[in-house]
>>> print(open('data28.txt').read())   # compact mmCIF, C-alpha atoms
# COMPACT_ATOMS: atom_id res chain seq x y z
CA MET A 27 74.30 -27.12 -30.28
CA LYS A 28 76.94 -25.99 -32.82
CA THR A 29 75.54 -28.46 -35.35
CA GLU A 30 72.05 -27.03 -34.96
CA ILE A 31 73.31 -23.44 -35.30
CA LYS A 32 75.08 -24.32 -38.56
CA ALA A 33 71.97 -26.07 -39.83
CA ALA A 34 69.86 -23.03 -38.88
CA LEU A 35 72.18 -20.67 -40.79
CA ILE A 36 71.99 -22.89 -43.87
CA LEU A 37 68.18 -22.79 -43.69
CA LEU A 38 68.21 -19.00 -43.25
CA PHE A 39 70.32 -18.54 -46.39
CA ALA A 40 67.94 -20.83 -48.24
CA SER A 41 65.01 -18.68 -47.05
CA VAL A 42 66.63 -15.57 -48.55
CA ILE A 43 67.04 -17.35 -51.89
CA TRP A 44 63.48 -18.72 -51.82
CA GLY A 45 62.00 -15.35 -50.86
CA PHE A 46 63.59 -13.48 -53.77
CA ALA A 47 62.66 -16.39 -56.05
CA MET A 48 59.00 -15.32 -55.79
CA ALA A 49 59.78 -12.13 -57.71
CA VAL A 50 61.91 -14.07 -60.22
CA GLN A 51 59.09 -16.57 -60.76
CA ARG A 52 56.66 -13.73 -61.42
CA ILE A 53 59.02 -12.35 -64.06
CA ALA A 54 59.34 -15.78 -65.68
CA GLY A 55 55.55 -16.11 -65.74
CA ASN A 56 55.41 -13.32 -68.30
CA TYR A 57 57.15 -15.58 -70.81
CA LEU A 58 56.53 -19.22 -69.87
CA GLN A 59 53.49 -21.22 -68.81
CA PRO A 60 53.70 -22.76 -65.32
CA MET A 61 54.61 -26.37 -66.11
CA THR A 62 57.02 -25.41 -68.87
CA PHE A 63 58.87 -23.08 -66.51
CA ASN A 64 58.91 -25.65 -63.70
CA ALA A 65 60.01 -28.38 -66.10
CA CYS A 66 63.02 -26.24 -67.08
CA ARG A 67 63.96 -25.31 -63.51
CA PHE A 68 63.69 -28.87 -62.18
CA THR A 69 65.57 -30.29 -65.16
CA LEU A 70 68.38 -27.85 -64.50
CA ALA A 71 68.30 -28.64 -60.79
CA ALA A 72 68.48 -32.37 -61.51
CA ALA A 73 71.35 -31.81 -63.95
CA VAL A 74 73.27 -30.01 -61.19
CA ILE A 75 72.47 -32.35 -58.30
CA LEU A 76 72.47 -35.81 -59.89
CA PRO A 77 76.23 -35.80 -60.78
CA ILE A 78 77.02 -34.71 -57.21
CA THR A 79 74.73 -37.46 -55.91
CA PHE A 80 76.45 -40.01 -58.14
CA PHE A 81 79.89 -38.87 -56.94
CA GLU A 82 78.83 -39.04 -53.28
CA SER A 83 77.33 -42.50 -53.81
CA ARG A 84 80.51 -43.85 -55.42
CA LYS A 85 82.72 -42.23 -52.78
CA ASN A 86 80.73 -43.81 -49.95
CA ASN A 87 80.08 -47.02 -51.90
CA ALA A 88 76.35 -46.44 -51.38
CA PRO A 89 74.49 -46.39 -54.70
CA ILE A 90 70.82 -45.44 -54.81
CA LYS A 91 68.81 -48.50 -53.81
CA LYS A 92 65.41 -49.49 -55.13
CA ASN A 93 63.75 -48.82 -51.77
CA GLU A 94 65.17 -45.26 -51.86
CA LEU A 95 63.52 -44.42 -55.18
CA LEU A 96 59.89 -44.36 -54.01
CA PRO A 97 60.48 -41.74 -51.25
CA GLY A 98 62.22 -39.51 -53.81
CA VAL A 99 59.37 -39.94 -56.29
CA LEU A 100 56.78 -39.12 -53.60
CA LEU A 101 58.71 -35.97 -52.73
CA GLY A 102 58.90 -35.20 -56.45
CA LEU A 103 55.12 -35.48 -56.75
CA ALA A 104 54.61 -33.16 -53.76
CA LEU A 105 57.16 -30.77 -55.25
CA PHE A 106 55.47 -30.88 -58.67
CA LEU A 107 52.03 -30.02 -57.27
CA SER A 108 53.24 -27.39 -54.78
CA ALA A 109 55.39 -25.54 -57.29
CA LEU A 110 52.67 -25.75 -59.95
CA PHE A 111 49.99 -24.11 -57.80
CA GLN A 112 52.46 -21.51 -56.56
CA GLN A 113 53.55 -20.61 -60.09
CA ILE A 114 49.94 -20.38 -61.26
CA GLY A 115 49.08 -17.95 -58.47
CA VAL A 116 52.17 -15.77 -58.05
CA GLY A 117 51.60 -13.82 -61.28
CA GLU A 118 48.33 -12.28 -60.12
CA SER A 119 48.84 -12.39 -56.35
CA GLY A 120 52.25 -10.71 -56.45
CA ALA A 121 55.54 -11.85 -54.92
CA GLY A 122 55.09 -10.38 -51.44
CA LYS A 123 51.50 -11.48 -50.97
CA ALA A 124 52.22 -14.95 -52.39
CA GLY A 125 55.11 -15.30 -49.97
CA PHE A 126 52.93 -14.72 -46.93
CA LEU A 127 50.13 -16.95 -48.24
CA THR A 128 52.66 -19.70 -48.88
CA ALA A 129 54.07 -19.30 -45.37
CA LEU A 130 50.79 -20.64 -43.98
CA TYR A 131 52.53 -24.03 -44.09
CA VAL A 132 54.38 -23.00 -40.91
CA VAL A 133 51.05 -23.10 -39.10
CA LEU A 134 49.81 -26.18 -40.94
CA VAL A 135 52.90 -28.32 -40.19
CA PRO A 136 52.36 -28.47 -36.39
CA VAL A 137 48.57 -28.68 -36.86
CA CYS A 138 49.05 -31.76 -39.06
CA GLY A 139 51.16 -33.29 -36.30
CA ILE A 140 47.87 -34.41 -34.76
CA PHE A 141 47.59 -37.02 -37.55
CA PHE A 142 50.98 -38.42 -36.54
CA LYS A 143 49.97 -38.73 -32.87
CA LYS A 144 52.09 -35.73 -31.92
CA LYS A 145 51.04 -33.27 -29.23
CA THR A 146 49.49 -30.13 -30.73
CA ARG A 147 49.93 -27.19 -28.37
CA PHE A 148 47.36 -24.54 -27.50
CA THR A 149 49.57 -21.89 -29.16
CA THR A 150 49.28 -23.79 -32.44
CA TRP A 151 45.49 -23.55 -32.45
CA LEU A 152 45.73 -19.89 -31.44
CA ALA A 153 48.08 -19.31 -34.38
CA LEU A 154 45.54 -20.92 -36.69
CA LEU A 155 42.86 -18.55 -35.37
CA LEU A 156 45.17 -15.58 -36.04
CA ALA A 157 45.96 -16.83 -39.53
CA LEU A 158 42.28 -16.70 -40.56
CA PRO A 159 41.83 -12.90 -40.19
CA ALA A 160 45.31 -12.49 -41.70
CA LEU A 161 44.12 -14.35 -44.79
CA TYR A 162 40.99 -12.19 -44.88
CA LEU A 163 43.03 -8.96 -44.82
CA LEU A 164 45.40 -10.27 -47.47
CA CYS A 165 42.84 -11.73 -49.84
CA VAL A 166 39.64 -9.68 -49.51
CA PRO A 167 39.76 -6.00 -50.61
CA LYS A 168 38.26 -3.39 -48.27
CA GLY A 169 34.50 -3.07 -48.60
CA GLU A 170 34.17 -6.31 -50.56
CA LYS A 171 32.23 -9.39 -49.52
CA PHE A 172 34.26 -12.53 -48.91
CA TYR A 173 35.86 -13.55 -52.15
CA LEU A 174 38.95 -15.67 -52.76
CA ALA A 175 40.63 -14.87 -56.06
CA PRO A 176 41.67 -17.96 -58.08
CA SER A 177 45.30 -16.85 -57.91
CA ASP A 178 45.20 -16.64 -54.10
CA ALA A 179 43.43 -20.02 -53.92
CA ALA A 180 46.17 -21.53 -56.08
CA VAL A 181 48.92 -20.19 -53.80
CA LEU A 182 47.07 -21.53 -50.74
CA LEU A 183 46.80 -24.96 -52.37
CA GLY A 184 50.53 -24.73 -52.94
CA SER A 185 50.98 -24.04 -49.22
CA VAL A 186 49.14 -27.28 -48.43
CA GLY A 187 51.52 -29.03 -50.81
CA TRP A 188 54.57 -27.52 -49.10
CA THR A 189 53.17 -28.76 -45.78
CA ALA A 190 53.11 -32.31 -47.14
CA HIS A 191 56.58 -31.83 -48.63
CA ILE A 192 58.08 -30.75 -45.29
CA LEU A 193 56.45 -33.61 -43.39
CA LEU A 194 57.61 -36.14 -45.99
CA THR A 195 61.13 -34.69 -46.03
CA ASP A 196 61.32 -34.89 -42.24
CA THR A 197 60.27 -38.54 -42.43
CA PHE A 198 62.63 -39.65 -45.22
CA VAL A 199 65.75 -37.56 -44.49
CA LYS A 200 66.35 -39.48 -41.25
CA ARG A 201 67.26 -42.62 -43.20
CA ILE A 202 68.15 -41.47 -46.73
CA SER A 203 70.91 -39.11 -47.86
CA PRO A 204 69.56 -35.58 -48.58
CA LEU A 205 71.44 -35.57 -51.88
CA LYS A 206 69.83 -38.84 -52.97
CA LEU A 207 66.38 -37.55 -52.05
CA CYS A 208 66.97 -34.29 -53.91
CA GLY A 209 68.36 -35.94 -57.03
CA VAL A 210 65.44 -38.35 -57.38
CA GLN A 211 62.75 -35.79 -56.49
CA PHE A 212 64.09 -33.17 -58.92
CA ALA A 213 64.24 -35.69 -61.75
CA SER A 214 60.73 -36.90 -60.89
CA ALA A 215 59.31 -33.37 -60.66
CA ALA A 216 60.94 -32.49 -64.00
CA LEU A 217 59.40 -35.55 -65.64
CA PHE A 218 55.92 -34.82 -64.25
CA ASN A 219 56.16 -31.22 -65.50
CA TRP A 220 57.40 -32.14 -69.00
CA ILE A 221 54.55 -34.62 -69.39
CA GLY A 222 52.00 -32.06 -68.17
CA ALA A 223 53.46 -29.29 -70.35
CA ALA A 224 53.46 -31.52 -73.44
CA LEU A 225 49.81 -32.41 -72.85
CA THR A 226 48.34 -29.04 -71.83
CA GLU A 227 50.72 -26.20 -72.74
CA THR A 228 52.45 -24.75 -75.78
CA ILE A 229 56.22 -25.13 -75.32
CA ALA A 230 57.87 -22.12 -76.99
CA PHE A 231 61.63 -22.68 -77.05
CA GLU A 232 62.34 -19.04 -77.96
CA ASN A 233 60.64 -18.03 -74.72
CA ILE A 234 62.73 -20.56 -72.82
CA ILE A 235 65.87 -18.94 -74.24
CA ALA A 236 64.56 -15.49 -73.27
CA THR A 237 63.98 -16.71 -69.69
CA LEU A 238 67.31 -18.44 -69.10
CA LEU A 239 68.35 -16.13 -66.26
CA PRO A 240 65.18 -16.70 -64.14
CA ILE A 241 65.39 -20.43 -64.97
CA ALA A 242 69.03 -20.50 -63.83
CA TYR A 243 68.20 -18.66 -60.59
CA CYS A 244 65.27 -20.91 -59.74
CA GLY A 245 66.92 -24.10 -61.03
CA VAL A 246 70.40 -23.76 -59.54
CA LEU A 247 69.88 -21.56 -56.47
CA SER A 248 66.23 -21.78 -55.41
CA THR A 249 65.68 -25.43 -56.33
CA GLY A 250 69.14 -27.00 -56.49
CA PHE A 251 70.85 -25.33 -53.53
CA GLY A 252 67.68 -24.46 -51.63
CA PHE A 253 66.24 -27.96 -51.35
CA VAL A 254 69.61 -29.56 -50.61
CA ALA A 255 69.99 -26.96 -47.86
CA GLN A 256 66.49 -27.87 -46.65
CA GLY A 257 67.43 -31.53 -46.43
CA ILE A 258 70.72 -30.83 -44.64
CA GLY A 259 69.16 -28.19 -42.40
CA GLN A 260 66.17 -30.32 -41.41
CA LYS A 261 68.54 -33.15 -40.55
CA GLY A 262 70.24 -30.90 -37.98
CA CYS A 263 67.19 -28.97 -36.74
CA ARG A 264 63.94 -29.93 -35.09
CA PRO A 265 61.00 -29.65 -37.51
CA ALA A 266 59.47 -26.70 -35.63
CA LEU A 267 62.72 -24.68 -35.65
CA ALA A 268 63.31 -25.53 -39.31
CA SER A 269 59.78 -24.37 -40.21
CA LEU A 270 60.22 -21.15 -38.24
CA ILE A 271 63.46 -20.25 -40.04
CA MET A 272 62.00 -21.14 -43.42
CA SER A 273 59.01 -18.90 -42.67
CA MET A 274 61.38 -15.95 -43.07
CA GLU A 275 60.95 -16.67 -46.77
CA ALA A 276 57.75 -14.60 -46.53
CA VAL A 277 59.62 -11.51 -45.34
CA PHE A 278 62.26 -11.88 -48.05
CA SER A 279 59.57 -12.39 -50.70
CA LEU A 280 58.08 -9.05 -49.67
CA LEU A 281 61.51 -7.41 -49.95
CA GLY A 282 62.11 -9.12 -53.29
CA GLY A 283 58.82 -7.83 -54.66
CA VAL A 284 59.66 -4.28 -53.59
CA ILE A 285 63.28 -4.32 -54.81
CA LEU A 286 62.94 -6.26 -58.07
CA LEU A 287 59.37 -5.45 -59.13
CA GLY A 288 58.50 -2.23 -57.35
CA GLU A 289 55.47 -3.86 -55.71
CA ARG A 290 53.53 -1.88 -53.14
CA LEU A 291 51.00 -3.47 -50.81
CA SER A 292 48.08 -1.57 -49.30
CA ALA A 293 48.03 -0.80 -45.57
CA ARG A 294 45.31 -3.45 -45.23
CA ALA A 295 47.48 -6.10 -46.92
CA LEU A 296 50.52 -5.10 -44.85
CA ALA A 297 48.42 -5.51 -41.70
CA GLY A 298 47.53 -8.98 -42.97
CA CYS A 299 51.23 -9.74 -43.49
CA ALA A 300 52.05 -8.59 -39.95
CA LEU A 301 49.23 -10.66 -38.47
CA MET A 302 50.27 -13.70 -40.51
CA PHE A 303 53.88 -13.38 -39.36
CA LEU A 304 52.67 -13.18 -35.75
CA ALA A 305 50.72 -16.38 -36.38
CA LEU A 306 53.86 -18.02 -37.77
CA LEU A 307 55.85 -17.09 -34.66
CA LEU A 308 53.07 -18.20 -32.35
CA ALA A 309 52.71 -21.53 -34.15
CA GLN A 310 56.27 -22.40 -33.14
CA ALA A 311 56.35 -20.72 -29.71
CA GLY A 312 55.68 -23.89 -27.73
CA GLU A 313 58.21 -25.97 -29.64
CA LEU A 314 60.88 -23.29 -29.37
CA ALA A 315 60.30 -23.02 -25.63
CA GLY A 316 60.82 -26.76 -25.38
CA LEU A 317 63.94 -26.45 -27.52
CA LYS A 318 65.39 -23.86 -25.10
CA LYS A 319 64.67 -26.05 -22.07
CA ALA A 320 66.34 -28.99 -23.77
CA GLY A 321 69.53 -26.97 -24.26
CA GLY A 322 69.05 -26.70 -28.02
CA LYS A 323 69.89 -30.31 -28.83
CA ALA A 324 68.59 -31.40 -32.17
CA GLY A 325 65.96 -34.11 -32.03
>>> encode(input="data28.txt", output="structure tokens")
Amino acid sequence: MKTEIKAALILLFASVIWGFAMAVQRIAGNYLQPMTFNACRFTLAAAVILPITFFESRKNNAPIKKNELLPGVLLGLALFLSALFQQIGVGESGAGKAGFLTALYVVLVPVCGIFFKKKTRFTTWLALLLALPALYLLCVPKGEKFYLAPSDAAVLLGSVGWTAHILLTDTFVKRISPLKLCGVQFASAALFNWIGAALTETIAFENIIATLLPIAYCGVLSTGFGFVAQGIGQKGCRPALASLIMSMEAVFSLLGGVILLGERLSARALAGCALMFLALLLAQAGELAGLKKAGGKAG
């Protein structure tokens, strides 16, 4: 029980960092194109984590093995795509709105459990039904016919990517060190982004210099610490509890947008946020009830 509480607190701290990162990413988007920014943040994250990974491997006499590289690369690919779509969309969608759209992964994770022969509870499907009108309130202005802005669509695609990332992390972290997974996936994501940026974007080094503070925040804290915390936290928490705690990122993204950017959402959008958060809670209600009955032991 104590182990799970510690893991939960680590995940909560990571959620605070991730939530405020939405506002920081929006600021960075004023200077850098998406893949260039992500290339910088993941390169910095890899530069921070890989030496620690190397030290841990030598200390435990457990170097990275060939069969541990592919899981890290797969996570890196999921990370590359998820972060790319999120960065493309956050500029127009806004930090708070993007945070709640991204949080849809909390509903999608248990829904996708059906493909892994896991029991999908009635509350999960009810949460999905609640999420649909929440998306409508968030994405469609009052009086308008149904229309999904490209920026909102990009953030939602990112949410699908985060769903895959969480499921893959939960699969691999049971048998591979979180630090090893993070080191390889950050390096892989950085490489994918540098290749994409070189092929499709204009890399302006003066803009990189001007954006060092947002890069440092997202590279060291949001990416470096945050994803290591995710790996450690998911190892000590059940997937449903981990997803629930990480869904608090949406609330902190809203706060970050207000505090750092002065964002203000309409009453309609706030209602969508509230309905989405209710869906997030409901999506995990069954699992959390089971967790309480089991005495809180991590699975």
>>> residues_around(input="data28.txt", residues="segment 184-199 of chain A", least_positions_apart="2", cutoff="8 Å", atoms="all atoms listed in the file", output="ChimeraX atom specification")
/A:97,101,104-105,107-112,127-132,134-135,180-182,201-204,207,257,260-261,265
>>> residues_near_point(input="data28.txt", point="(60.5, -12.9, -62.7)", cutoff="10 Å", atoms="all atoms listed in the file", output="ChimeraX atom specification")
/A:46-57,116-117,121,237,239-241,243-244,283,286-287
>>> closest_residue(input="data28.txt", among="A:Ala305, A:Leu205, A:Ala242, A:Ile140", to="Gln256 of chain A", atoms="all atoms listed in the file")
A:Leu205
>>> atom_distance(input="data28.txt", atom1="atom CA of Leu96 of chain A", atom2="atom CA of Ser214 of chain A")
10.2 Å
>>> atom_distance(input="data28.txt", atom1="atom CA of Phe278 of chain A", atom2="atom CA of Gly45 of chain A")
4.5 Å
>>> closest_residue(input="data28.txt", among="A:Gly125, A:Cys208, A:Gly115, A:Val166", to="Pro77 of chain A", atoms="only C-alpha atoms")
A:Cys208
>>> atom_distance(input="data28.txt", atom1="atom CA of Ala236 of chain A", atom2="atom CA of Cys66 of chain A")
12.5 Å
>>> residues_around(input="data28.txt", residues="segment 297-300 of chain A", least_positions_apart="5", cutoff="6 Å", atoms="only C-alpha atoms", output="list in words")
Ala160, Leu163 and Leu164 of chain A
>>> closest_residue(input="data28.txt", among="A:Leu76, A:Leu267, A:Leu174, A:Ile258", to="Leu306 of chain A", atoms="all atoms listed in the file")
A:Leu267
